[in-house]
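Novice: So here's start.txt (compact mmCIF, C-alpha atoms and all ligand atoms).
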# COMPACT_ATOMS: atom_id res chain seq x y z
CA MET U 1 -0.50 12.55 -10.48
CA ASN U 2 2.69 14.13 -9.25
CA THR U 3 5.37 12.13 -11.12
CA SER U 4 8.40 13.79 -9.51
CA SER U 5 7.53 12.98 -5.91
CA PRO U 6 4.42 10.89 -5.49
CA ARG U 7 2.39 11.12 -2.29
CA ILE U 8 2.25 7.79 -0.52
CA GLY U 9 -0.49 6.48 1.80
CA VAL U 10 -0.09 3.45 4.05
CA ILE U 11 -3.37 1.64 4.73
CA GLY U 12 -2.74 -0.54 7.77
CA THR U 13 0.38 0.51 9.65
CA GLY U 14 1.51 -2.72 11.26
CA ALA U 15 4.85 -4.50 10.86
CA ILE U 16 4.97 -4.36 7.04
CA GLY U 17 3.17 -1.03 6.49
CA GLY U 18 5.13 0.61 9.29
CA PHE U 19 8.50 -0.68 8.12
CA TYR U 20 8.22 0.17 4.41
CA GLY U 21 6.32 3.42 5.09
CA LEU U 22 8.93 4.63 7.55
CA MET U 23 11.81 3.75 5.21
CA LEU U 24 10.09 5.75 2.43
CA ALA U 25 9.48 8.68 4.81
CA ARG U 26 13.13 8.57 5.87
CA ALA U 27 14.11 8.78 2.19
CA GLY U 28 12.17 12.05 1.92
CA PHE U 29 8.83 10.91 0.49
CA GLU U 30 5.60 12.42 1.81
CA VAL U 31 4.00 9.43 3.55
CA HIS U 32 0.61 9.38 5.32
CA PHE U 33 -0.11 6.52 7.72
CA LEU U 34 -3.59 5.17 8.55
CA LEU U 35 -3.64 3.52 11.97
CA ARG U 36 -6.22 1.93 14.22
CA SER U 37 -5.27 0.57 17.67
CA GLU U 38 -1.83 2.23 17.66
CA PHE U 39 -2.93 5.70 16.55
CA ASP U 40 -2.50 7.46 19.93
CA ALA U 41 0.97 6.03 20.50
CA VAL U 42 2.17 6.90 17.00
CA GLN U 43 0.62 10.37 17.09
CA LEU U 44 2.56 11.00 20.31
CA ASN U 45 5.89 9.26 19.73
CA GLY U 46 6.11 8.67 15.97
CA LEU U 47 7.12 5.34 14.46
CA ARG U 48 10.28 3.44 15.33
CA VAL U 49 11.96 0.56 13.52
CA ASP U 50 14.61 -1.37 15.42
CA SER U 51 16.43 -2.96 12.52
CA ALA U 52 19.24 -5.48 12.47
CA VAL U 53 20.00 -4.14 8.96
CA HIS U 54 19.42 -0.36 9.11
CA GLY U 55 19.88 0.36 12.83
CA THR U 56 17.23 2.31 14.72
CA VAL U 57 15.06 4.60 12.63
CA GLN U 58 12.67 6.85 14.52
CA MET U 59 10.57 9.70 13.08
CA GLN U 60 7.46 11.71 13.79
CA VAL U 61 5.02 10.80 11.00
CA ARG U 62 1.74 12.00 9.48
CA ALA U 63 -0.65 9.71 11.37
CA TYR U 64 -4.43 9.37 10.86
CA ALA U 65 -7.15 7.50 12.72
CA ASP U 66 -9.70 8.28 9.99
CA ALA U 67 -9.10 7.78 6.27
CA THR U 68 -11.36 10.72 5.41
CA ASP U 69 -8.72 13.07 6.92
CA MET U 70 -5.99 11.78 4.58
CA PRO U 71 -5.09 13.69 1.40
CA PRO U 72 -5.42 11.94 -1.99
CA CYS U 73 -2.42 9.65 -2.47
CA ASP U 74 -0.72 8.52 -5.70
CA TRP U 75 0.52 5.22 -4.23
CA LEU U 76 -1.38 3.31 -1.56
CA LEU U 77 0.56 0.60 0.24
CA VAL U 78 -1.87 -1.82 1.87
CA GLY U 79 -0.18 -3.35 4.91
CA ALA U 80 -3.24 -4.84 6.62
CA LYS U 81 -3.76 -8.60 6.79
CA THR U 82 -5.61 -10.12 3.82
CA THR U 83 -8.51 -10.88 6.17
CA SER U 84 -9.25 -7.10 6.36
CA ASN U 85 -9.24 -6.34 2.62
CA ALA U 86 -12.99 -6.30 2.02
CA GLU U 87 -13.60 -3.89 4.91
CA LEU U 88 -10.71 -1.67 3.77
CA ALA U 89 -11.83 -1.33 0.13
CA PRO U 90 -14.05 1.76 0.69
CA LEU U 91 -11.23 3.46 2.65
CA ILE U 92 -8.74 2.74 -0.13
CA ALA U 93 -11.12 4.21 -2.69
CA LYS U 94 -11.52 7.36 -0.55
CA VAL U 95 -7.79 8.02 -0.18
CA ALA U 96 -6.86 7.21 -3.78
CA ALA U 97 -5.94 10.05 -6.16
CA PRO U 98 -7.36 9.61 -9.70
CA ASP U 99 -5.11 7.06 -11.44
CA ALA U 100 -3.61 5.92 -8.10
CA LYS U 101 -1.62 2.72 -7.73
CA VAL U 102 -2.84 0.39 -4.99
CA LEU U 103 -0.13 -2.04 -3.89
CA LEU U 104 -1.09 -5.02 -1.72
CA LEU U 105 1.94 -5.84 0.44
CA GLN U 106 0.50 -9.19 1.45
CA ASN U 107 1.10 -12.92 1.33
CA GLY U 108 -1.20 -15.41 -0.36
CA LEU U 109 -3.01 -16.07 -3.60
CA GLY U 110 -6.09 -14.48 -5.13
CA VAL U 111 -5.96 -11.38 -2.90
CA GLU U 112 -6.09 -8.96 -5.83
CA ASP U 113 -8.92 -10.95 -7.47
CA GLN U 114 -10.93 -10.61 -4.25
CA LEU U 115 -10.33 -6.85 -3.89
CA ARG U 116 -10.60 -5.83 -7.58
CA PRO U 117 -14.41 -5.78 -7.85
CA LEU U 118 -14.57 -3.64 -4.69
CA LEU U 119 -12.31 -0.90 -6.14
CA PRO U 120 -13.09 1.77 -8.76
CA ALA U 121 -11.97 0.79 -12.26
CA ASN U 122 -9.65 3.84 -12.60
CA LEU U 123 -7.27 2.49 -9.94
CA HIS U 124 -4.27 0.37 -10.82
CA LEU U 125 -3.94 -2.72 -8.62
CA LEU U 126 -0.53 -4.28 -7.94
CA GLY U 127 0.74 -7.02 -5.67
CA GLY U 128 3.94 -6.90 -3.60
CA LEU U 129 5.73 -9.92 -2.17
CA CYS U 130 7.78 -8.98 0.88
CA PHE U 131 10.82 -11.07 1.75
CA ILE U 132 11.37 -9.74 5.22
CA CYS U 133 11.17 -10.70 8.89
CA VAL U 134 9.39 -7.95 10.83
CA ASN U 135 6.92 -7.85 13.71
CA ARG U 136 5.26 -5.31 15.99
CA GLU U 137 7.02 -5.16 19.32
CA ALA U 138 5.03 -2.40 21.04
CA PRO U 139 2.60 0.27 19.76
CA GLY U 140 4.47 2.15 17.03
CA VAL U 141 7.60 0.02 17.45
CA ILE U 142 8.60 -2.50 14.78
CA ARG U 143 11.35 -5.08 15.05
CA HIS U 144 13.16 -5.86 11.79
CA GLN U 145 15.18 -9.06 12.12
CA SER U 146 16.42 -9.71 8.59
CA LEU U 147 15.97 -9.50 4.79
CA GLY U 148 13.83 -6.72 3.29
CA ALA U 149 13.21 -7.09 -0.46
CA VAL U 150 9.81 -6.42 -2.00
CA ASN U 151 8.98 -7.74 -5.48
CA LEU U 152 6.13 -6.11 -7.39
CA GLY U 153 3.78 -7.21 -10.15
CA TYR U 154 0.83 -5.61 -11.96
CA HIS U 155 -2.60 -7.18 -11.50
CA SER U 156 -5.23 -5.02 -13.23
CA GLY U 157 -6.42 -1.52 -14.02
CA PRO U 158 -6.40 1.11 -16.72
CA ALA U 159 -2.86 0.47 -18.07
CA ALA U 160 -3.51 -0.11 -21.76
CA ASP U 161 -0.74 -2.56 -22.64
CA GLU U 162 2.12 -4.65 -21.28
CA ASP U 163 4.63 -1.79 -21.66
CA SER U 164 2.60 0.67 -19.62
CA ARG U 165 1.98 -1.99 -16.95
CA GLN U 166 5.68 -2.71 -16.71
CA GLN U 167 6.47 1.03 -16.48
CA ILE U 168 4.15 1.32 -13.47
CA VAL U 169 5.70 -1.70 -11.78
CA GLU U 170 9.18 -0.31 -12.40
CA ALA U 171 8.12 3.08 -10.99
CA GLY U 172 6.98 1.24 -7.85
CA ALA U 173 10.27 -0.65 -7.58
CA ALA U 174 12.11 2.67 -8.02
CA LEU U 175 10.32 4.11 -4.97
CA PHE U 176 11.64 1.25 -2.86
CA HIS U 177 15.14 1.54 -4.36
CA ALA U 178 15.17 5.23 -3.42
CA ALA U 179 14.48 4.14 0.16
CA GLY U 180 17.41 1.68 0.12
CA ILE U 181 15.17 -1.39 -0.29
CA ASP U 182 15.88 -4.16 -2.75
CA SER U 183 12.93 -4.48 -5.17
CA GLN U 184 12.29 -6.27 -8.46
CA ALA U 185 9.62 -5.65 -11.08
CA MET U 186 8.04 -9.05 -11.77
CA THR U 187 6.37 -9.80 -15.10
CA ASN U 188 4.04 -12.48 -13.70
CA LEU U 189 2.35 -11.69 -10.39
CA ALA U 190 0.54 -15.03 -10.09
CA GLN U 191 3.81 -16.92 -10.46
CA ALA U 192 5.48 -14.64 -7.87
CA ARG U 193 2.61 -15.31 -5.44
CA TRP U 194 2.95 -19.10 -5.89
CA GLN U 195 6.71 -18.80 -5.30
CA LYS U 196 6.18 -16.96 -2.02
CA LEU U 197 3.74 -19.66 -0.89
CA VAL U 198 6.56 -22.20 -1.00
CA TRP U 199 7.74 -20.54 2.24
CA ASN U 200 4.47 -19.44 3.82
CA VAL U 201 2.53 -22.70 3.45
CA PRO U 202 4.88 -24.79 5.61
CA TYR U 203 6.29 -22.26 8.08
CA ASN U 204 3.23 -20.10 8.80
CA GLY U 205 0.91 -23.03 9.46
CA LEU U 206 3.39 -25.26 11.30
CA SER U 207 4.41 -22.41 13.61
CA VAL U 208 0.77 -22.24 14.80
CA LEU U 209 0.11 -25.99 14.87
CA LEU U 210 3.39 -27.00 16.52
CA LYS U 211 3.89 -23.73 18.48
CA ALA U 212 7.42 -23.56 17.14
CA SER U 213 9.55 -20.85 15.51
CA THR U 214 11.86 -21.50 12.57
CA THR U 215 14.90 -22.70 14.55
CA PRO U 216 13.18 -25.66 16.27
CA LEU U 217 11.24 -26.40 13.08
CA MET U 218 14.54 -26.60 11.18
CA THR U 219 16.23 -28.71 13.89
CA ASP U 220 13.80 -31.58 14.35
CA ALA U 221 14.02 -34.34 11.73
CA ASP U 222 10.25 -34.84 11.47
CA SER U 223 9.38 -31.15 11.10
CA ARG U 224 12.17 -30.75 8.52
CA ALA U 225 10.72 -33.63 6.50
CA LEU U 226 7.23 -32.16 6.78
CA ILE U 227 8.45 -28.71 5.63
CA GLN U 228 10.17 -30.28 2.61
CA ALA U 229 7.08 -32.33 1.73
CA LEU U 230 4.81 -29.27 1.99
CA MET U 231 7.21 -27.21 -0.12
CA ALA U 232 7.22 -29.94 -2.76
CA GLU U 233 3.40 -29.94 -2.81
CA VAL U 234 3.27 -26.16 -3.38
CA VAL U 235 5.72 -26.51 -6.28
CA GLN U 236 3.50 -29.30 -7.67
CA GLY U 237 0.35 -27.17 -7.26
CA ALA U 238 2.02 -24.24 -9.01
CA ARG U 239 3.09 -26.49 -11.89
CA ALA U 240 -0.43 -27.89 -12.26
CA CYS U 241 -1.72 -24.31 -12.50
CA GLY U 242 0.78 -23.50 -15.26
CA TYR U 243 3.55 -21.86 -13.22
CA ALA U 244 6.85 -23.70 -13.45
CA LEU U 245 8.89 -22.40 -10.52
CA PRO U 246 12.65 -22.09 -11.03
CA PRO U 247 14.41 -25.45 -10.54
CA GLY U 248 15.73 -25.81 -6.97
CA TYR U 249 13.56 -22.95 -5.66
CA ALA U 250 12.19 -24.92 -2.66
CA GLU U 251 15.70 -26.11 -1.75
CA HIS U 252 16.90 -22.50 -1.98
CA LEU U 253 14.20 -21.26 0.44
CA PHE U 254 14.93 -24.14 2.80
CA ALA U 255 18.63 -23.18 2.81
CA VAL U 256 17.79 -19.46 3.31
CA THR U 257 15.69 -20.38 6.35
CA GLU U 258 18.57 -22.37 7.87
CA LYS U 259 20.61 -19.14 7.86
CA MET U 260 17.81 -16.87 9.13
CA PRO U 261 17.70 -15.76 12.76
CA ASP U 262 15.06 -17.58 14.77
CA TYR U 263 11.71 -16.22 13.50
CA TRP U 264 8.02 -16.48 14.37
CA PRO U 265 5.96 -16.08 11.15
CA SER U 266 3.22 -13.45 11.14
CA MET U 267 0.50 -16.14 11.36
CA TYR U 268 1.82 -17.14 14.77
CA HIS U 269 1.52 -13.53 15.98
CA ASP U 270 -2.09 -13.51 14.75
CA PHE U 271 -2.79 -16.78 16.59
CA ILE U 272 -1.31 -15.49 19.87
CA GLN U 273 -3.22 -12.21 19.57
CA GLN U 274 -6.43 -14.16 18.79
CA ARG U 275 -6.79 -12.48 15.39
CA PRO U 276 -8.19 -14.28 12.31
CA LEU U 277 -5.56 -16.34 10.45
CA GLU U 278 -4.88 -15.66 6.76
CA LEU U 279 -6.14 -19.11 5.80
CA ALA U 280 -8.19 -18.18 2.74
CA ALA U 281 -5.23 -16.54 0.97
CA ILE U 282 -2.44 -18.88 2.08
CA TYR U 283 -4.25 -22.24 2.03
CA ALA U 284 -7.83 -22.33 0.73
CA GLU U 285 -7.25 -20.43 -2.52
CA PRO U 286 -4.10 -22.30 -3.66
CA LEU U 287 -5.73 -25.63 -2.72
CA ALA U 288 -8.83 -24.69 -4.74
CA GLN U 289 -6.78 -23.55 -7.76
CA ALA U 290 -4.66 -26.72 -7.68
CA ARG U 291 -7.77 -28.91 -7.35
CA ALA U 292 -9.42 -27.12 -10.29
CA ALA U 293 -6.29 -28.04 -12.28
CA GLY U 294 -6.69 -31.71 -11.24
CA CYS U 295 -4.00 -31.67 -8.54
CA GLU U 296 -4.65 -32.79 -4.94
CA LEU U 297 -2.19 -31.63 -2.25
CA PRO U 298 -2.98 -33.94 0.71
CA LYS U 299 -0.47 -32.71 3.28
CA MET U 300 -1.35 -29.09 2.65
CA GLN U 301 -5.05 -29.98 2.83
CA ALA U 302 -4.55 -31.67 6.23
CA LEU U 303 -2.58 -28.68 7.54
CA TYR U 304 -5.34 -26.36 6.33
CA GLN U 305 -8.06 -28.43 8.02
CA ALA U 306 -6.19 -28.40 11.35
CA LEU U 307 -5.63 -24.62 11.11
CA ALA U 308 -9.27 -24.01 10.16
CA PHE U 309 -10.29 -25.83 13.35
CA ILE U 310 -7.95 -23.61 15.41
CA ASP U 311 -9.21 -20.46 13.67
CA ARG U 312 -12.86 -21.38 14.40
CA GLN U 313 -12.04 -22.13 18.04
CA THR U 314 -10.46 -18.66 18.36
CA ALA U 315 -13.45 -16.99 16.68
CA SER U 316 -15.95 -18.80 18.90
CA ARG U 317 -14.04 -17.75 22.04
CA GLY U 318 -14.68 -14.12 21.05
CA LYS U 319 -18.45 -14.73 20.93
CA PRO U 320 -20.96 -15.03 23.77
CA ALA U 321 -21.58 -18.66 24.84
CA PRO U 322 -24.65 -20.19 23.14
CA THR U 323 -27.73 -20.32 25.40
CA MET U 324 -29.13 -23.81 26.13
N1 LIG W 401 5.47 -9.63 9.22
C1 LIG W 401 6.21 -10.13 8.26
O1 LIG W 401 7.42 -10.35 8.44
C2 LIG W 401 5.64 -10.43 6.92
C3 LIG W 401 4.28 -10.26 6.64
N2 LIG W 401 3.83 -10.48 5.37
C4 LIG W 401 2.43 -10.26 5.03
O2 LIG W 401 2.18 -8.86 5.11
C5 LIG W 401 0.81 -8.60 5.46
C6 LIG W 401 0.78 -7.69 6.68
O3 LIG W 401 1.35 -8.41 7.78
P1 LIG W 401 1.90 -7.73 9.11
O4 LIG W 401 2.46 -6.40 8.81
O5 LIG W 401 2.75 -8.74 9.76
O6 LIG W 401 0.53 -7.54 9.93
P2 LIG W 401 0.27 -6.66 11.24
O7 LIG W 401 -0.79 -7.38 11.99
O8 LIG W 401 1.54 -6.32 11.93
O9 LIG W 401 -0.32 -5.30 10.65
C7 LIG W 401 -1.61 -5.15 10.13
C8 LIG W 401 -2.04 -3.72 10.37
O10 LIG W 401 -3.24 -3.43 9.68
C9 LIG W 401 -4.03 -2.63 10.55
N3 LIG W 401 -5.44 -2.65 10.18
C10 LIG W 401 -6.22 -3.73 9.95
N4 LIG W 401 -7.48 -3.33 9.67
C11 LIG W 401 -7.47 -1.97 9.73
C12 LIG W 401 -8.46 -0.97 9.56
N5 LIG W 401 -9.74 -1.29 9.26
N6 LIG W 401 -8.12 0.32 9.71
C13 LIG W 401 -6.86 0.66 10.01
N7 LIG W 401 -5.85 -0.25 10.20
C14 LIG W 401 -6.18 -1.55 10.06
C15 LIG W 401 -3.80 -3.25 11.91
O11 LIG W 401 -4.26 -2.37 12.94
P3 LIG W 401 -4.57 -2.89 14.44
O12 LIG W 401 -3.32 -2.62 15.20
O13 LIG W 401 -5.69 -2.05 14.91
O14 LIG W 401 -4.91 -4.34 14.33
C16 LIG W 401 -2.29 -3.42 11.86
O15 LIG W 401 -1.64 -2.23 12.21
C17 LIG W 401 0.18 -9.98 5.68
O16 LIG W 401 -0.46 -10.40 4.48
C18 LIG W 401 1.40 -10.89 5.96
O17 LIG W 401 1.16 -12.24 5.62
C19 LIG W 401 4.68 -10.81 4.34
C20 LIG W 401 6.00 -11.00 4.58
C21 LIG W 401 6.58 -10.88 5.87
C1 LIG W 402 9.86 -15.90 4.13
C2 LIG W 402 9.87 -14.73 5.05
C3 LIG W 402 10.17 -15.10 6.45
C4 LIG W 402 11.03 -13.91 4.63
O1 LIG W 402 11.18 -14.00 3.29
C5 LIG W 402 8.57 -14.00 4.88
O2 LIG W 402 8.54 -13.20 4.01
C6 LIG W 402 7.30 -14.22 5.61
O3 LIG W 402 7.24 -14.30 6.85
O4 LIG W 402 6.25 -14.23 4.95
Starting from the file, give its structure as structure tokens.
Ligand SMILES: NC(=O)C1=CN([C@@H]2O[C@H](COP(=O)(O)OP(=O)(O)OC[C@H]3O[C@@H](n4cnc5c(N)ncnc54)[C@H](OP(=O)(O)O)[C@@H]3O)[C@@H](O)[C@H]2O)C=CC1
Ligand SMILES: CC(C)(CO)C(=O)C(=O)O
Specialist:
Amino acid sequence: MNTSSPRIGVIGTGAIGGFYGLMLARAGFEVHFLLRSEFDAVQLNGLRVDSAVHGTVQMQVRAYADATDMPPCDWLLVGAKTTSNAELAPLIAKVAAPDAKVLLLQNGLGVEDQLRPLLPANLHLLGGLCFICVNREAPGVIRHQSLGAVNLGYHSGPAADEDSRQQIVEAGAALFHAAGIDSQAMTNLAQARWQKLVWNVPYNGLSVLLKASTTPLMTDADSRALIQALMAEVVQGARACGYALPPGYAEHLFAVTEKMPDYWPSMYHDFIQQRPLELAAIYAEPLAQARAAGCELPKMQALYQALAFIDRQTASRGKPAPTM
């Protein structure tokens, strides 16, 4: 591996992959972007981020429609939705340099556990929790509304001991720092993933179910109460699984959301675009882990069941009607 200037690959160049990849490219890193539906537009016009924090950033980038054309990369940032991980595993393995670090920039729980058996054992697997509001506005154009931090933790791989794991996580955080992005090296990835769920469980699901962005959700007394109750359940689930979240964490996220610009969570964009919802990672897995620890989370379970119905309706619309 090239330690002085690692080569970075972005697998899934959507809102998250496009934003962080472009910021790293702007900082001078060699970044290679794997695209699918937006390849032609990005090949022609490059990537653009319209950011309320960094202004407009536009650059021609190294774009690929086929992973086999990409050079071996030392760091692979996976910016696809968790629902695509299994299909992406062979592509990740192809693009990875020996000893590469694969970083899942995704929400949810259990995503590394699901991908690990599909990756070669020589690859390091890390998780990244992104505290950011970004969405795709047009092909190759990303809107960045606020925040930006990405917190990293080690999941599994050839690192022999805790010190070498932490060194890898700190090297990852240093890449983001060099690109002007706030980033912390976390010692406990599972705990960090539970913490992030305190936001995603209420807002992602309710945005789809109630067809409401954060401002109306934070204005109405009933939706506020529901958000607080769901947040409390996630904290309870985390505790049952052995992760005591910092005191006042849910209240802190609630207060942060009050100050955020009006925001449609990424699950709402998936719903509108008729894409699969990230229900396994954001709802099913935490519910299953909490239940295995003897903890039922009834409001979250009801939200999950309603979303699962919506997700199945969307999937069946994409299929030919059954013959009588
Ligand atoms: N958006 C946000 O503000 C935040 C998102 N997150 C999390 O980050 C993750 C990514 O979300 P987000 O960036 O919003 O998602 P997007 O839908 O914007 O991006 C996903 C990208 O992955 C690409 N992709 C999927 N499958 C493949 C494939 N087989 N080959 C090539 N490209 C592929 C998609 O291509 P195509 O265009 O063809 O579909 C798309 O460009 C999710 O887990 C989300 O929950 C976390 C914090 C904030
Ligand atoms: C909580 C938020 C909006 C920003 O931290 C986010 O990261 C998400 O949409 O998943």
Novice: Please identify all polymer residues within 12 Å of U:Ala178, counting all atoms listed in the file, omitting same-chain residues fewer than 6 positions from it, and present them as a ChimeraX atom specification.
Specialist: /U:5,20,23-29,171-172
Novice: One number please: atom O17 of ligand LIG 401 (chain W) to atom CA of U:Asp161, in Å, one decimal.
Specialist: 29.9 Å
Novice: Please provide the set of residues having any atom within 9 Å of U:Leu34, restricted to only C-alpha atoms, with same-chain residues fewer than 4 positions apart removed, written as a list in words.
Specialist: Gly9, Val10, Ile11, Gly12, Thr13, Phe39, Arg62, Ala63, Tyr64, Ala65, Asp66, Ala67 and Met70 of chain U
Novice: Any chance you can output those residues with C-alpha atoms as a short mmCIF file (atom, residue, chain, number, x, y, z; two decimals), in the frame of the given file?
Specialist:
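Result saved to again01.cif:
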data_model
loop_
_atom_site.label_atom_id
_atom_site.label_comp_id
_atom_site.auth_asym_id
_atom_site.auth_seq_id
_atom_site.Cartn_x
_atom_site.Cartn_y
_atom_site.Cartn_z
CA GLY U 9 -0.49 6.48 1.80
CA VAL U 10 -0.09 3.45 4.05
CA ILE U 11 -3.37 1.64 4.73
CA GLY U 12 -2.74 -0.54 7.77
CA THR U 13 0.38 0.51 9.65
CA PHE U 39 -2.93 5.70 16.55
CA ARG U 62 1.74 12.00 9.48
CA ALA U 63 -0.65 9.71 11.37
CA TYR U 64 -4.43 9.37 10.86
CA ALA U 65 -7.15 7.50 12.72
CA ASP U 66 -9.70 8.28 9.99
CA ALA U 67 -9.10 7.78 6.27
CA MET U 70 -5.99 11.78 4.58
#
Novice: At what distance in Å, to one decimal, does atom CA of U:Tyr283 lie from atom CA of U:Tyr304?
Specialist: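 Computed distance, atom CA of U:Tyr304 to atom CA of U:Tyr283, equals 6.1 Å.
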Novice: With stretch 201-208 of chain U as the partner and 10 Å as the cut-off, tabulate the residues of stretch 212-318 of chain U that qualify, each row holding the nearest pair of atoms and their distance in Å to one decimal, using only C-alpha atoms, sorted by chain and rising number, as a Markdown table.
Specialist:
| residue | atom | partner | partner_atom | distance |
| --- | --- | --- | --- | --- |
| U:Ala212 | CA | U:Ser207 | CA | 4.8 |
| U:Ser213 | CA | U:Ser207 | CA | 5.7 |
| U:Thr214 | CA | U:Tyr203 | CA | 7.2 |
| U:Pro216 | CA | U:Ser207 | CA | 9.7 |
| U:Leu217 | CA | U:Ser207 | CA | 7.9 |
| U:Met218 | CA | U:Tyr203 | CA | 9.8 |
| U:Ser223 | CA | U:Leu206 | CA | 8.4 |
| U:Arg224 | CA | U:Pro202 | CA | 9.9 |
| U:Leu226 | CA | U:Pro202 | CA | 7.8 |
| U:Ile227 | CA | U:Pro202 | CA | 5.3 |
| U:Gln228 | CA | U:Pro202 | CA | 8.2 |
| U:Ala229 | CA | U:Pro202 | CA | 8.8 |
| U:Leu230 | CA | U:Pro202 | CA | 5.8 |
| U:Met231 | CA | U:Pro202 | CA | 6.6 |
| U:Glu233 | CA | U:Val201 | CA | 9.6 |
| U:Val234 | CA | U:Val201 | CA | 7.7 |
| U:Thr257 | CA | U:Tyr203 | CA | 9.7 |
| U:Tyr263 | CA | U:Ser207 | CA | 9.6 |
| U:Trp264 | CA | U:Ser207 | CA | 7.0 |
| U:Pro265 | CA | U:Asn204 | CA | 5.4 |
| U:Ser266 | CA | U:Asn204 | CA | 7.0 |
| U:Met267 | CA | U:Asn204 | CA | 5.4 |
| U:Tyr268 | CA | U:Val208 | CA | 5.2 |
| U:His269 | CA | U:Val208 | CA | 8.8 |
| U:Asp270 | CA | U:Val208 | CA | 9.2 |
| U:Phe271 | CA | U:Val208 | CA | 6.8 |
| U:Ile272 | CA | U:Val208 | CA | 8.7 |
| U:Leu277 | CA | U:Gly205 | CA | 9.4 |
| U:Glu278 | CA | U:Asn204 | CA | 9.5 |
| U:Leu279 | CA | U:Gly205 | CA | 8.9 |
| U:Ile282 | CA | U:Val201 | CA | 6.4 |
| U:Tyr283 | CA | U:Val201 | CA | 6.9 |
| U:Pro286 | CA | U:Val201 | CA | 9.7 |
| U:Lys299 | CA | U:Pro202 | CA | 9.8 |
| U:Met300 | CA | U:Val201 | CA | 7.5 |
| U:Leu303 | CA | U:Gly205 | CA | 6.9 |
| U:Tyr304 | CA | U:Gly205 | CA | 7.7 |
| U:Ala306 | CA | U:Gly205 | CA | 9.1 |
| U:Leu307 | CA | U:Gly205 | CA | 6.9 |
| U:Ile310 | CA | U:Val208 | CA | 8.8 |
Novice: Measuring atom to atom with all atoms listed in the file, identify which of U:Ala302, U:Gly108, U:Leu119, U:Glu162 is nearest to U:Leu88.
Specialist: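 Smallest distance to U:Leu88 is found for U:Leu119.
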